[in-house]
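A.B. asks: Attaching a single structure in structure tokens format; questions to follow.
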Amino acid sequence: MTVKQEFYFVRHGQTDHNISEGNLKGDHAADIALNETGKNQAKNIEPTIASLPIRTVCSSPMRRAQETKEIITAKLQATHYEVEHLGECSSLVWKEMSKAGMYASFPLEGPARLFLERVQEGINRALSLPGPLLVVAHGGVHWVLCALLGIKNHKWAIGNCDIVHFSVGNNEKWVARKL
């Protein structure tokens with residue numbers, strides 16, 4: 001990452017795809033809406049998000065991320081940006097990342113490598129904006145962020161509407177903490 005500033009990350013709320021297909025099936029890149037559970041998950045974390053010192057919100061352009069962002073930032077006075085490069089990966093890429101496993105060193109090639117490069121460009125754009133920053137995106141994006149930032153001792157696969165705080169520790173290494 002070119003800029004080292006703290007940021008918060010939220011994976012979108014639940015969709016019917018999350019419960020009917022599981023994480024390794026279906027089209028991750030499909031532009032689908034939140035289901036009622038997903039909307040409720042977002043409503044439940046809204047007070048926590050409202051309590052954070054967020055100045056800027058960056059989100060994936062995908063519908064599920066946009067819907068989540070609208071619900072969780074309802075009380076925030078923050079500038080919003082849509083960052084196309086923070087969209088979810090394809091199912092093919094998701095399967096490749098899942099095979100590589102947690103804490104992979106990214107020997108990935110082809111579409112997975114392109115996804116990594118796209119997310120890196122997107123997060124660099126987001127981190128160039130005034131912080132503290134909130135990123136609302138997808139599980140695949142979180143996975144890539146953890147790999148790019150060298151995160152250890154934190155699960156790369158997170159649940160719907162989980163909030164993760166990324167910051168730089170005393171040793172100048174990135175750390176992630178689920179709130």
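Going by the structure tokens order, chains are called A, B, ..., each with residues numbered from 1, while ligands are numbered from 1 in the order shown.
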List as a VMD selection string the protein and nucleic acid residues near Thr48 of chain A, meaning an atom at most 10 Å away when only C-alpha atoms are counted, but skip any in the same chain fewer than 6 places from it.

C.D. replies: chain A and resid 72 163 179

A.B. asks: Once DSSP has gone over the backbone, tell me which residues of chain A are in strand (DSSP E), as JSON, numbers by chain.

C.D. replies: {"A": [7, 8, 9, 10, 11, 56, 57, 58, 59, 79, 80, 81, 82, 133, 134, 135, 136, 137, 163, 164, 165, 166, 167, 168, 174, 175, 176, 177, 178]}

A.B. asks: Could those residues be written to a file, using C-alpha atoms, as an mmCIF file, in the first residue's frame?

C.D. replies:
```
data_model
loop_
_atom_site.group_PDB
_atom_site.id
_atom_site.type_symbol
_atom_site.label_atom_id
_atom_site.label_comp_id
_atom_site.auth_asym_id
_atom_site.auth_seq_id
_atom_site.Cartn_x
_atom_site.Cartn_y
_atom_site.Cartn_z
ATOM 1 C CA PHE A 7 -9.248 2.467 7.959
ATOM 2 C CA TYR A 8 -12.335 0.467 8.754
ATOM 3 C CA PHE A 9 -13.726 -2.277 6.538
ATOM 4 C CA VAL A 10 -17.263 -3.702 6.430
ATOM 5 C CA ARG A 11 -18.303 -6.666 4.342
ATOM 6 C CA THR A 56 -14.748 9.427 4.140
ATOM 7 C CA VAL A 57 -16.695 6.395 2.913
ATOM 8 C CA CYS A 58 -15.564 4.368 -0.113
ATOM 9 C CA SER A 59 -17.666 1.531 -1.423
ATOM 10 C CA THR A 79 -18.058 12.268 1.981
ATOM 11 C CA HIS A 80 -18.988 9.199 -0.105
ATOM 12 C CA TYR A 81 -17.089 7.769 -3.073
ATOM 13 C CA GLU A 82 -17.880 4.794 -5.257
ATOM 14 C CA LEU A 133 -11.899 5.984 6.124
ATOM 15 C CA LEU A 134 -14.646 3.365 5.916
ATOM 16 C CA VAL A 135 -14.542 0.824 3.073
ATOM 17 C CA VAL A 136 -17.740 -1.126 2.329
ATOM 18 C CA ALA A 137 -17.028 -4.011 -0.007
ATOM 19 C CA ILE A 163 -16.413 -4.601 11.025
ATOM 20 C CA VAL A 164 -12.616 -4.758 10.834
ATOM 21 C CA HIS A 165 -10.237 -1.992 11.898
ATOM 22 C CA PHE A 166 -6.960 -1.917 9.950
ATOM 23 C CA SER A 167 -4.129 0.119 11.462
ATOM 24 C CA VAL A 168 -0.358 0.330 11.476
ATOM 25 C CA TRP A 174 -0.371 -3.549 9.491
ATOM 26 C CA VAL A 175 -2.718 -5.162 12.010
ATOM 27 C CA ALA A 176 -6.403 -6.003 11.700
ATOM 28 C CA ARG A 177 -8.865 -6.235 14.569
ATOM 29 C CA LYS A 178 -12.481 -7.287 14.294
#
```

A.B. asks: If we count only C-alpha atoms and set the cut-off at 12 Å, which residues sit around Arg63 of chain A, ignoring sequence neighbours fewer than 3 positions away in its own chain? Please answer as a PyMOL selection string.

C.D. replies: chain A and resi 12-15+29-35+59-60+66-70+82+84+87-88+136-138

A.B. asks: Got time to write the residues from that selection, N, CA and C atoms, as a tab-separated table (two decimals), in the first residue's frame?

C.D. replies:
```
chain	number	residue	atom	x	y	z
A	12	HIS	N	-20.36	-6.42	3.08
A	12	HIS	CA	-21.80	-6.19	2.89
A	12	HIS	C	-22.63	-7.18	3.69
A	13	GLY	N	-23.90	-6.84	3.86
A	13	GLY	CA	-24.85	-7.72	4.54
A	13	GLY	C	-25.19	-8.94	3.70
A	14	GLN	N	-25.87	-9.86	4.32
A	14	GLN	CA	-26.21	-11.14	3.69
A	14	GLN	C	-27.11	-10.96	2.46
A	15	THR	N	-26.88	-11.84	1.49
A	15	THR	CA	-27.73	-11.93	0.30
A	15	THR	C	-28.26	-13.36	0.22
A	29	ALA	N	-19.57	-12.33	-8.77
A	29	ALA	CA	-19.56	-11.03	-9.43
A	29	ALA	C	-20.97	-10.55	-9.79
A	30	ALA	N	-21.99	-11.37	-9.51
A	30	ALA	CA	-23.37	-10.96	-9.81
A	30	ALA	C	-23.75	-9.76	-8.95
A	31	ASP	N	-24.51	-8.86	-9.50
A	31	ASP	CA	-24.93	-7.64	-8.81
A	31	ASP	C	-26.28	-7.89	-8.16
A	32	ILE	N	-26.26	-8.42	-6.94
A	32	ILE	CA	-27.48	-8.81	-6.26
A	32	ILE	C	-27.73	-7.96	-5.02
A	33	ALA	N	-28.99	-7.96	-4.58
A	33	ALA	CA	-29.42	-7.13	-3.46
A	33	ALA	C	-29.28	-7.88	-2.13
A	34	LEU	N	-29.33	-7.10	-1.06
A	34	LEU	CA	-29.38	-7.68	0.28
A	34	LEU	C	-30.73	-8.37	0.48
A	35	ASN	N	-30.75	-9.41	1.29
A	35	ASN	CA	-32.03	-9.97	1.71
A	35	ASN	C	-32.43	-9.30	3.03
A	59	SER	N	-16.94	2.79	-1.30
A	59	SER	CA	-17.67	1.53	-1.42
A	59	SER	C	-17.58	0.96	-2.83
A	60	SER	N	-17.78	-0.33	-2.87
A	60	SER	CA	-17.92	-1.04	-4.13
A	60	SER	C	-19.16	-0.51	-4.83
A	66	GLN	N	-23.62	-1.16	-1.89
A	66	GLN	CA	-24.27	0.15	-1.86
A	66	GLN	C	-25.42	0.18	-0.85
A	67	GLU	N	-26.24	-0.87	-0.84
A	67	GLU	CA	-27.35	-0.93	0.11
A	67	GLU	C	-26.83	-0.96	1.55
A	68	THR	N	-25.80	-1.74	1.79
A	68	THR	CA	-25.20	-1.80	3.12
A	68	THR	C	-24.67	-0.44	3.52
A	69	LYS	N	-23.95	0.21	2.62
A	69	LYS	CA	-23.38	1.54	2.90
A	69	LYS	C	-24.47	2.53	3.27
A	70	GLU	N	-25.56	2.55	2.53
A	70	GLU	CA	-26.63	3.50	2.79
A	70	GLU	C	-27.23	3.31	4.18
A	82	GLU	N	-17.73	6.13	-4.71
A	82	GLU	CA	-17.88	4.79	-5.26
A	82	GLU	C	-16.57	4.46	-5.95
A	84	GLU	N	-14.89	1.73	-8.20
A	84	GLU	CA	-15.15	0.56	-9.05
A	84	GLU	C	-14.19	-0.60	-8.77
A	87	GLY	N	-15.00	-3.76	-6.36
A	87	GLY	CA	-16.03	-4.75	-6.64
A	87	GLY	C	-15.52	-6.15	-6.35
A	88	GLU	N	-16.44	-7.10	-6.23
A	88	GLU	CA	-16.09	-8.47	-5.89
A	88	GLU	C	-15.45	-9.20	-7.06
A	136	VAL	N	-16.64	-0.15	2.33
A	136	VAL	CA	-17.74	-1.13	2.33
A	136	VAL	C	-17.61	-1.93	1.04
A	137	ALA	N	-17.29	-3.21	1.19
A	137	ALA	CA	-17.03	-4.01	-0.01
A	137	ALA	C	-17.38	-5.48	0.25
A	138	HIS	N	-16.51	-6.38	-0.13
A	138	HIS	CA	-16.83	-7.81	-0.24
A	138	HIS	C	-15.79	-8.68	0.45
```

A.B. asks: Looking at A:Pro132, A:Gly159, A:Gly150, A:Gly110, which one is nearest to Ile49 of chain A, with distances taken over only C-alpha atoms?

C.D. replies: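 Using only C-alpha atoms, Ile49 of chain A sits closest to A:Pro132.
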
A.B. asks: Tell me, which residues of segment 16-135 of chain A carry DSSP helix (DSSP H, G or I), written as a PyMOL selection string?

C.D. replies: chain A and resi 16-20+36-51+63-72+84-86+91-100+110-127

A.B. asks: Here is a test: counting only C-alpha atoms, which residue of A:Ala74, A:Ile123, A:Leu114, A:Ile54 is nearest to Ser90 of chain A?

C.D. replies: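 With only C-alpha atoms as the atom set, the closest residue is A:Leu114.
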
A.B. asks: Nearest to Ile151 of chain A among A:Gly169, A:Pro47, A:Pro53, A:Gly139, with distances taken over only C-alpha atoms: which residue is it?

C.D. replies: A:Gly169

A.B. asks: Write out as a list in words the residues lying within 12 Å of Arg113 of chain A, counting only C-alpha atoms and excluding same-chain residues fewer than 3 positions away.

C.D. replies: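 Listed by chain and then number, they are Cys89, Leu92, Val93, Trp94, Glu96, Met97, Ser105, Phe106, Pro107, Leu108, Glu109, Gly110, Leu116, Glu117, Arg118, Val119, Gln120, Val144, Ala147 and Leu148 of chain A.
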
A.B. asks: Save the residues we just selected, N, CA and C atoms, as a tab-separated table (two decimals), in the first residue's frame?

C.D. replies:
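See out01.tsv below for the written result:
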```
chain	number	residue	atom	x	y	z
A	89	CYS	N	-14.75	-10.26	-6.74
A	89	CYS	CA	-14.10	-11.10	-7.75
A	89	CYS	C	-15.10	-12.09	-8.34
A	92	LEU	N	-14.48	-17.95	-10.14
A	92	LEU	CA	-13.22	-18.61	-10.50
A	92	LEU	C	-12.08	-18.10	-9.62
A	93	VAL	N	-12.00	-16.81	-9.46
A	93	VAL	CA	-10.96	-16.21	-8.61
A	93	VAL	C	-11.18	-16.61	-7.16
A	94	TRP	N	-12.43	-16.58	-6.70
A	94	TRP	CA	-12.72	-16.95	-5.31
A	94	TRP	C	-12.25	-18.38	-5.04
A	96	GLU	N	-9.85	-20.00	-6.57
A	96	GLU	CA	-8.39	-20.01	-6.57
A	96	GLU	C	-7.85	-19.47	-5.25
A	97	MET	N	-8.44	-18.39	-4.75
A	97	MET	CA	-7.99	-17.82	-3.48
A	97	MET	C	-8.28	-18.80	-2.33
A	105	SER	N	0.89	-16.40	0.17
A	105	SER	CA	1.86	-15.39	-0.24
A	105	SER	C	1.57	-14.87	-1.64
A	106	PHE	N	0.44	-15.22	-2.16
A	106	PHE	CA	-0.04	-14.78	-3.47
A	106	PHE	C	0.85	-15.18	-4.63
A	107	PRO	N	1.02	-16.48	-4.80
A	107	PRO	CA	1.68	-16.93	-6.02
A	107	PRO	C	0.66	-17.03	-7.14
A	108	LEU	N	-0.44	-16.32	-6.99
A	108	LEU	CA	-1.54	-16.42	-7.94
A	108	LEU	C	-1.19	-15.81	-9.29
A	109	GLU	N	-1.81	-16.36	-10.32
A	109	GLU	CA	-1.59	-15.86	-11.67
A	109	GLU	C	-2.95	-15.64	-12.33
A	110	GLY	N	-2.91	-15.13	-13.55
A	110	GLY	CA	-4.12	-14.97	-14.34
A	110	GLY	C	-5.16	-14.09	-13.69
A	116	LEU	N	-6.19	-9.10	-7.61
A	116	LEU	CA	-5.31	-8.53	-6.59
A	116	LEU	C	-4.84	-7.13	-7.00
A	117	GLU	N	-4.40	-6.99	-8.23
A	117	GLU	CA	-3.91	-5.70	-8.72
A	117	GLU	C	-5.04	-4.66	-8.75
A	118	ARG	N	-6.24	-5.09	-9.11
A	118	ARG	CA	-7.38	-4.18	-9.16
A	118	ARG	C	-7.72	-3.68	-7.75
A	119	VAL	N	-7.77	-4.60	-6.78
A	119	VAL	CA	-8.08	-4.21	-5.41
A	119	VAL	C	-6.98	-3.29	-4.86
A	120	GLN	N	-5.74	-3.60	-5.18
A	120	GLN	CA	-4.63	-2.74	-4.71
A	120	GLN	C	-4.79	-1.32	-5.25
A	144	VAL	N	-8.03	-10.13	-0.12
A	144	VAL	CA	-6.89	-9.53	-0.82
A	144	VAL	C	-6.22	-8.47	0.04
A	147	ALA	N	-3.97	-10.10	2.49
A	147	ALA	CA	-2.76	-10.62	1.84
A	147	ALA	C	-1.81	-9.49	1.50
A	148	LEU	N	-2.33	-8.41	0.90
A	148	LEU	CA	-1.48	-7.29	0.51
A	148	LEU	C	-0.82	-6.61	1.71
```

A.B. asks: Using only C-alpha atoms, pick whichever of A:Leu149, A:Lys4, A:Asp16, A:Ala157 has the shortest atom-to-atom distance to Glu36 of chain A.

C.D. replies: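 Result for the nearest residue to Glu36 of chain A: A:Asp16.
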
A.B. asks: Between atom CA of Lys39 of chain A and atom CA of Ile71 of chain A, measure the distance and give it in Å to one decimal.

C.D. replies: 7.6 Å

A.B. asks: What does the distance between atom CA of Ala100 of chain A and atom CA of Gly140 of chain A come to in Å, to one decimal place?

C.D. replies: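 We find that atom CA of Ala100 of chain A and atom CA of Gly140 of chain A lie 12.8 Å from each other.
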
A.B. asks: From the set A:Lys95, A:Lys43, A:His17, A:His85, which residue has the shortest atom-to-atom contact distance to Thr73 of chain A, counting only C-alpha atoms?

C.D. replies: A:Lys43
